[in-house]
Amino acid sequence: MVGRKNKHTGLVVCLMGICILMLTFSGNVLAKSKKARLSVGFTTEEALANLQTGEAWQYTEMGAVFWPLIYDQLWILGPPPNYDPLPMLATHWETEDFQTWRFYLQKNAKFHDGKPVKAADVAFTLWYLPKSDPSWDFPDNDIESKKLIKLIDDYTIEFTLVNKWPGKYPPASWMPILPEHIWKPHKRKLTRFKNEKAIGSGPFKLKKFKGGEYIWMVKNEDYWGEKPYVDEVVFKSFGGQDALNLALKKGEVEFIGYNGASPLSVEDFKKTKNVDVAVSPGIELVWIAFNLHKKTAIQDKVVRQAIMYGVDRDRIIKMVYLGYAKPADSFIYPELPEHNPNLPQYDYNPEVAKKMLNDAGYVDKDGDGIRNDPKTGQDIVLEFLVPSDWPQEVKMAKLIREQVKDIGIEVKMKVVDLDTYYEFIYTPMDDKFDLSISAEEPGPNGSWIWEFVRSFEGGGKGWNQSYYNNPKFDAFLESYLTETDLAKRKEFAYKLQEIIAEDLPCALLVRPDLIGPYRTDKLEGHVEAMGGFSNWINSWSYFKIKPKE
Amino acid sequence: MRRLLNQTEKLKLFFKLLFGHRMGLSGFSIILLFMFVSVFAPLLATVDPSRSGEFENILLSPSSQFWFGTDDLARDVWSQILYGARVSLTVGFIAAFITVVTGTLVGLVAGYYGKLAEELLMRIVDFFMMLPELPLMIVLAAVLGPSMWNIIFVVSLVSWPTTARVVRSQVLSLKERPFVEASRCIGAGNVKLMFGEILPNVVPLMFAQAVIMITEAIYAEAVLSFLGLGDPTSISWGMMLHFAFESGVMARALWWVMPPIFSIVALIVSFSLLGTAISDILEPGYKEQKGY
Amino acid sequence: MGLRGFIFRKIVAACLTIAAIVCVNFVIFRMAPGDPIRMMFRDPRVSAENLQLMKEKFGLDKPLSGQFVAYVKGLTRGDLGLSFSHRRPVLEVIAEKIPPTLLLVISALIIAVFLGVVLGALAGWRSGTRFDTFILTASLTMYSIPTFALGIIFLLIFAYHIAIFPLGGIVTPASGFEGFELVRDVLWHMFLPAISIVIWYVGEYVLLTRSSMIDVMGQEYITTARAKGLKNFRILKRHALRNAMLPVVTITGVNLGFAVAGVIEAETVFSWPGVGRLVYDAVSKRDYPLLQGVFLLFAFSVVAANLIIDLVYGYIDPRIKVRS
């Protein structure tokens, strides 16, 4: 009676439990669809949380790769080796003085909602996007007044920049052309618009967006230009590098969305069936920024140069990158024509470093193994700022600290979170660090990187991490930026690099390679550029990839 | 009638009972092992784990040279485990000490004086007990910055209320005992009573609490470090797991992941066993049961 | 007085606690180093005017007292501010993440309570036997493994080496699953994180139920029941269990703090898109409004849950009604 009822409840519960277990264990069977899908993997840190334009489209990995698929640009950076500017929404462009530009637009381009793309949309974007969000405000789209943007006709636009923009590339680079009819109500603050449908005019359309988890895009069948060769692109987020790597091995993603894989996993990927590894020259440059505002021994050029002689780049490349990096000596990549091949190299030579320091009077007076600054008599102890979120750079900083200790200078690590790092490094006059790791991805069209060493008075405020103050350099920089003759421009470029390499406000260290594992069984046609298959300057893999025959 | 034992005899009895208690003995021995290891770490370690090693030795599986293999900076995992014991034990002991001392003081004062002091202090205690621990620790650690001392501070801050409450209950019941009345008749002042008579009787409870707090502290240090809130330049088991998780090669380097996990669990379990033994021993009637 | 007085006092206490939490929350975040507005913009080229605009928008240009007033005012309206990293209202961001966490926690809790109480009761009933020692040691161990460590172990074994479970997340991305398939997909993803949390809970409930059971068994009414000749199992069910459950109910309330910890850890390891993971993300991005909002949410839930449990306990426990 009572006893039996108890027995039954027990059984029922057990059966329920088994049912649930069976449900979960039956795994999942993804419907085998006929569509050609390109899945790309990111980590959740890199993922987009929402579709609002803003910093996220520039500073998150997923954002920077996502928007060029949905939105057209006026012109697009071409594939290597030349990285020429190629027409996109603009069929061609002309200028007489490099200050006023005329762009001629495609006549049959349409937004995903069917409305045509007109010059008014370009004008709208050009004017309101940089105003809404400082991160879109670049020298090459700096227009003083709305009146200086003229709509010659529905498909021709003319605008005048504040400064001349000579050089290989036209202005207005890397901007998504937004549909005015959708964004106009938010024109005062574009970054607030939720943009849930993400209507653009690009080769892909947004199908579904799950913030932090995935972005599902489909081919734009009505695209005015060369249509993509895959039906779908899915950006998937994974909890960590491990998960991402495994997903690639299992076939859940085709390649990695931005930062590639860690050097430690290369061998493992090479051994995996249907997976190959492409090692591309990186787009990232890593350097040491010396704080020239703070009154320490660092202010002496000799000390900076000695430190660089004391740094063993080869060991860093071996230990931190397992060999997958190249030494860097300039903000301009060696394969580009403007790179100066005759820059002073600071090859690892601790003896030279020690001699330089000795000769300049930095000797160890109190026998504690640390040199003393002759001006103050104190030990030279420097604070080395590095963000905790950049594991490679943290490792690098630890190695540099060991190496610099060997030449008699004590370096203390100051590891902070990323936001604190950005706060400290852009305000060198607050003296929160003596030297710091810094990294950027200038890309082939990267003259903006020179703003990092333009003096504060000369307009470098907010960029100049070193508080470098050299009016002569500023003058050369101005000449470089406004010189229309390409040969003369190259000369100025050489000079700029020379000055920086000599003065060392920023000491270039390495250019990490991009390790791009990719699957070889379903798709082909990956386009490799500096920085791999997929980054902010390279959307070509998405445009060209197609199913294997 | 049995005479009351003095302090040394009490201690001897305690240890006798502890060693007779199966769990207590195992727990105690493991703890002793870890303490030994952490004190003698420099001697037992094969290399100085803080300096990065040679390139060829990155991510090696266990071998005769590297007993637990190496991590992604070619550092010996075995040596890291040894030095990590120092961090876990230090954080554990110091945080537990601060927690128990603070909690006992508050509980003592609140229980003894009663009325307004008790109300006020207990409100504060209740408030703290309402706060979810881990989020509070995370938030404080994030705000204060990564360092071992911040972790100790944060853990103590979050844990002292439990001790306070437990001690207060004990004090409340002790207050009414005859020996307290007797002392008061003789003319002993409040403070003397509190610290002279009541406190010694609270001491066993303090030990029980201390052991619990140690496990909390060790666990907290592991979690906070794993989440990235610990000091990245220090070697701790939690930090090892943090770096392993971030490295992208965790799945391939089980020798890097398992030893820290095992050590954390072993240490916490051993303190828990010790704690269970202590609470069993303190149970009235236990020593009679064992024949003392 | 009696019951009503009891309820009244508990509610007042809860309100005071909430008020204190709100204050503490505000203070902690203002203690943080670094300028939060600066931190919003990675880009250094933000002009001074823009920074000022942002400051005004977030109300950070006012003096601390003004900020506090604004903060409290906002709270009453349900406005928890704007998340720095998501650029959306904090409440919105949190609201999205609540369902996955609830799903995870409730499932884990149900399984854990069931298993824990049953095992603990049995162990307590047979206290002193080998079975008891075994259960006791097993529970101590389970209770001692940090949830994240357990999660990592499960992840490595069952998602990597024997890959029968997914690596994380709540659904298979862009799968197009609907209805039953979707449910199955979610359950499949939920299994490992839930088990990680369950194990810790089971350990705890076993220990609790067992000791409470031992206490109860020493009581007189049990011996009386035995003397009456009632069968063992019946005694267990009718008398012992019911009374042993009381402390278990209370502890569930206190344990919510621990539940939160388990959830944060499991969600981080398995990338479960819930509120726990949000804590971790908010911390790493120094998104103060979001962190504040999540912390408030956790604190409020714990206070509310404790209040409910206190009231339930007050209702159940006859001794309370009598006290005045």
# chains A, B, ... in the order shown; residues from 1 in each chain; ligands from 1
$ interface_residues --of "chain A" --to "chain B" --cutoff "6 Å" --atoms "only C-alpha atoms" --output "CSV table (one decimal) with C-alpha atoms, in the first residue's frame"
chain,number,residue,atom,x,y,z
A,241,GLN,CA,41.2,29.8,-28.2
A,242,ASP,CA,40.9,26.2,-27.4
A,319,MET,CA,60.3,32.5,-27.3
$ closest_atom_pairs --of "chain A" --to "chain C" --cutoff "6 Å" --atoms "only C-alpha atoms" --output "JSON lines"
{"residue": "A:Thr24", "atom": "CA", "partner": "C:Trp188", "partner_atom": "CA", "distance": 4.5}
{"residue": "A:Ala49", "atom": "CA", "partner": "C:His86", "partner_atom": "CA", "distance": 6.0}
{"residue": "A:Pro134", "atom": "CA", "partner": "C:Val46", "partner_atom": "CA", "distance": 5.6}
{"residue": "A:Tyr214", "atom": "CA", "partner": "C:Pro173", "partner_atom": "CA", "distance": 6.0}
{"residue": "A:Gly239", "atom": "CA", "partner": "C:Ser271", "partner_atom": "CA", "distance": 5.0}
{"residue": "A:Ala243", "atom": "CA", "partner": "C:Leu167", "partner_atom": "CA", "distance": 5.9}
{"residue": "A:Asp419", "atom": "CA", "partner": "C:Met39", "partner_atom": "CA", "distance": 5.1}
{"residue": "A:Gly462", "atom": "CA", "partner": "C:Pro44", "partner_atom": "CA", "distance": 4.9}
{"residue": "A:Trp463", "atom": "CA", "partner": "C:Pro44", "partner_atom": "CA", "distance": 5.8}
$ write_last_selection --atoms "C-alpha atoms" --output "compact mmCIF listing (two decimals), in the first residue's frame"
# COMPACT_ATOMS: atom_id res chain seq x y z
CA THR A 24 20.66 15.33 -24.26
CA ALA A 49 27.49 42.87 -29.01
CA PRO A 134 35.29 60.42 -33.18
CA TYR A 214 26.76 34.58 -34.12
CA GLY A 239 34.55 30.87 -25.53
CA ALA A 243 37.26 26.04 -28.44
CA ASP A 419 41.18 50.29 -20.45
CA GLY A 462 45.79 62.56 -28.08
CA TRP A 463 47.95 60.37 -30.30
$ interface_residues --of "chain C" --to "chain B" --cutoff "7 Å" --atoms "only C-alpha atoms" --output "PyMOL selection string"
chain C and resi 17+31-33+140-141+144-146+149+156+160+257+260-261+283+295+298-299+302-303
$ write_last_selection --atoms "N, CA and C atoms" --output "short mmCIF file (atom, residue, chain, number, x, y, z; two decimals), in the first residue's frame"
data_model
loop_
_atom_site.label_atom_id
_atom_site.label_comp_id
_atom_site.auth_asym_id
_atom_site.auth_seq_id
_atom_site.Cartn_x
_atom_site.Cartn_y
_atom_site.Cartn_z
N THR C 17 18.48 46.51 4.07
CA THR C 17 19.62 45.87 3.41
C THR C 17 19.74 46.35 1.98
N MET C 31 35.11 54.27 -6.38
CA MET C 31 36.44 54.09 -5.84
C MET C 31 37.42 53.66 -6.91
N ALA C 32 36.88 53.15 -7.99
CA ALA C 32 37.74 52.52 -8.98
C ALA C 32 38.73 53.50 -9.58
N PRO C 33 39.93 53.04 -9.85
CA PRO C 33 40.91 53.94 -10.46
C PRO C 33 40.56 54.16 -11.92
N LEU C 140 32.39 15.56 0.49
CA LEU C 140 33.41 16.54 0.86
C LEU C 140 34.27 16.88 -0.35
N THR C 141 34.62 15.83 -1.09
CA THR C 141 35.43 16.06 -2.27
C THR C 141 34.67 16.88 -3.30
N SER C 144 34.53 20.36 -2.49
CA SER C 144 35.80 21.07 -2.48
C SER C 144 36.34 21.42 -3.85
N ILE C 145 35.78 20.81 -4.86
CA ILE C 145 36.30 21.13 -6.19
C ILE C 145 35.68 22.43 -6.65
N PRO C 146 36.48 23.43 -6.94
CA PRO C 146 35.90 24.67 -7.46
C PRO C 146 35.16 24.35 -8.76
N ALA C 149 37.03 24.52 -11.97
CA ALA C 149 37.98 23.44 -12.21
C ALA C 149 37.25 22.20 -12.73
N LEU C 156 37.38 19.31 -21.01
CA LEU C 156 38.48 18.62 -21.65
C LEU C 156 38.11 17.18 -22.00
N TYR C 160 36.33 17.77 -25.64
CA TYR C 160 37.52 17.68 -26.48
C TYR C 160 37.87 16.26 -26.83
N GLY C 257 23.98 32.73 -2.40
CA GLY C 257 25.26 33.38 -2.65
C GLY C 257 26.21 32.42 -3.35
N VAL C 260 25.27 31.69 -6.92
CA VAL C 260 25.75 32.71 -7.83
C VAL C 260 27.18 32.42 -8.25
N ALA C 261 28.00 32.04 -7.27
CA ALA C 261 29.40 31.75 -7.60
C ALA C 261 29.49 30.62 -8.61
N VAL C 283 33.60 42.89 -16.06
CA VAL C 283 34.84 43.15 -15.33
C VAL C 283 35.97 43.37 -16.30
N PHE C 295 25.56 43.42 -10.30
CA PHE C 295 25.76 43.22 -8.87
C PHE C 295 24.47 43.50 -8.10
N PHE C 298 22.05 40.61 -8.55
CA PHE C 298 22.38 39.46 -7.71
C PHE C 298 22.01 39.73 -6.26
N ALA C 299 22.41 40.92 -5.79
CA ALA C 299 22.15 41.23 -4.39
C ALA C 299 20.66 41.24 -4.10
N VAL C 302 19.21 37.75 -4.04
CA VAL C 302 19.54 37.01 -2.83
C VAL C 302 18.71 37.51 -1.66
N VAL C 303 18.60 38.84 -1.53
CA VAL C 303 17.80 39.41 -0.44
C VAL C 303 16.36 38.96 -0.57
#
$ atom_distance --atom1 "atom CA of C:Tyr71" --atom2 "atom CA of C:Ala14"
20.2 Å
$ select_by_dssp --residues "stretch 389-445 of chain A" --states "strand (DSSP E)" --output "list in words"
Glu410, Val411, Lys412, Met413, Lys414, Val415, Val416, Leu435, Ser436, Ile437, Ser438, Ala439 and Glu440 of chain A
$ write_last_selection --atoms "C-alpha atoms" --output "short mmCIF file (atom, residue, chain, number, x, y, z; two decimals), in the first residue's frame"
data_model
loop_
_atom_site.label_atom_id
_atom_site.label_comp_id
_atom_site.auth_asym_id
_atom_site.auth_seq_id
_atom_site.Cartn_x
_atom_site.Cartn_y
_atom_site.Cartn_z
CA GLU A 410 65.99 47.58 -13.42
CA VAL A 411 62.57 47.37 -15.00
CA LYS A 412 59.38 46.84 -13.04
CA MET A 413 56.34 45.44 -14.78
CA LYS A 414 53.17 47.48 -14.56
CA VAL A 415 50.46 45.16 -15.80
CA VAL A 416 47.05 46.80 -15.97
CA LEU A 435 58.11 52.83 -21.04
CA SER A 436 55.27 50.94 -22.52
CA ILE A 437 54.41 48.31 -25.01
CA SER A 438 52.37 49.62 -27.87
CA ALA A 439 50.89 48.04 -30.94
CA GLU A 440 48.93 49.12 -33.98
#
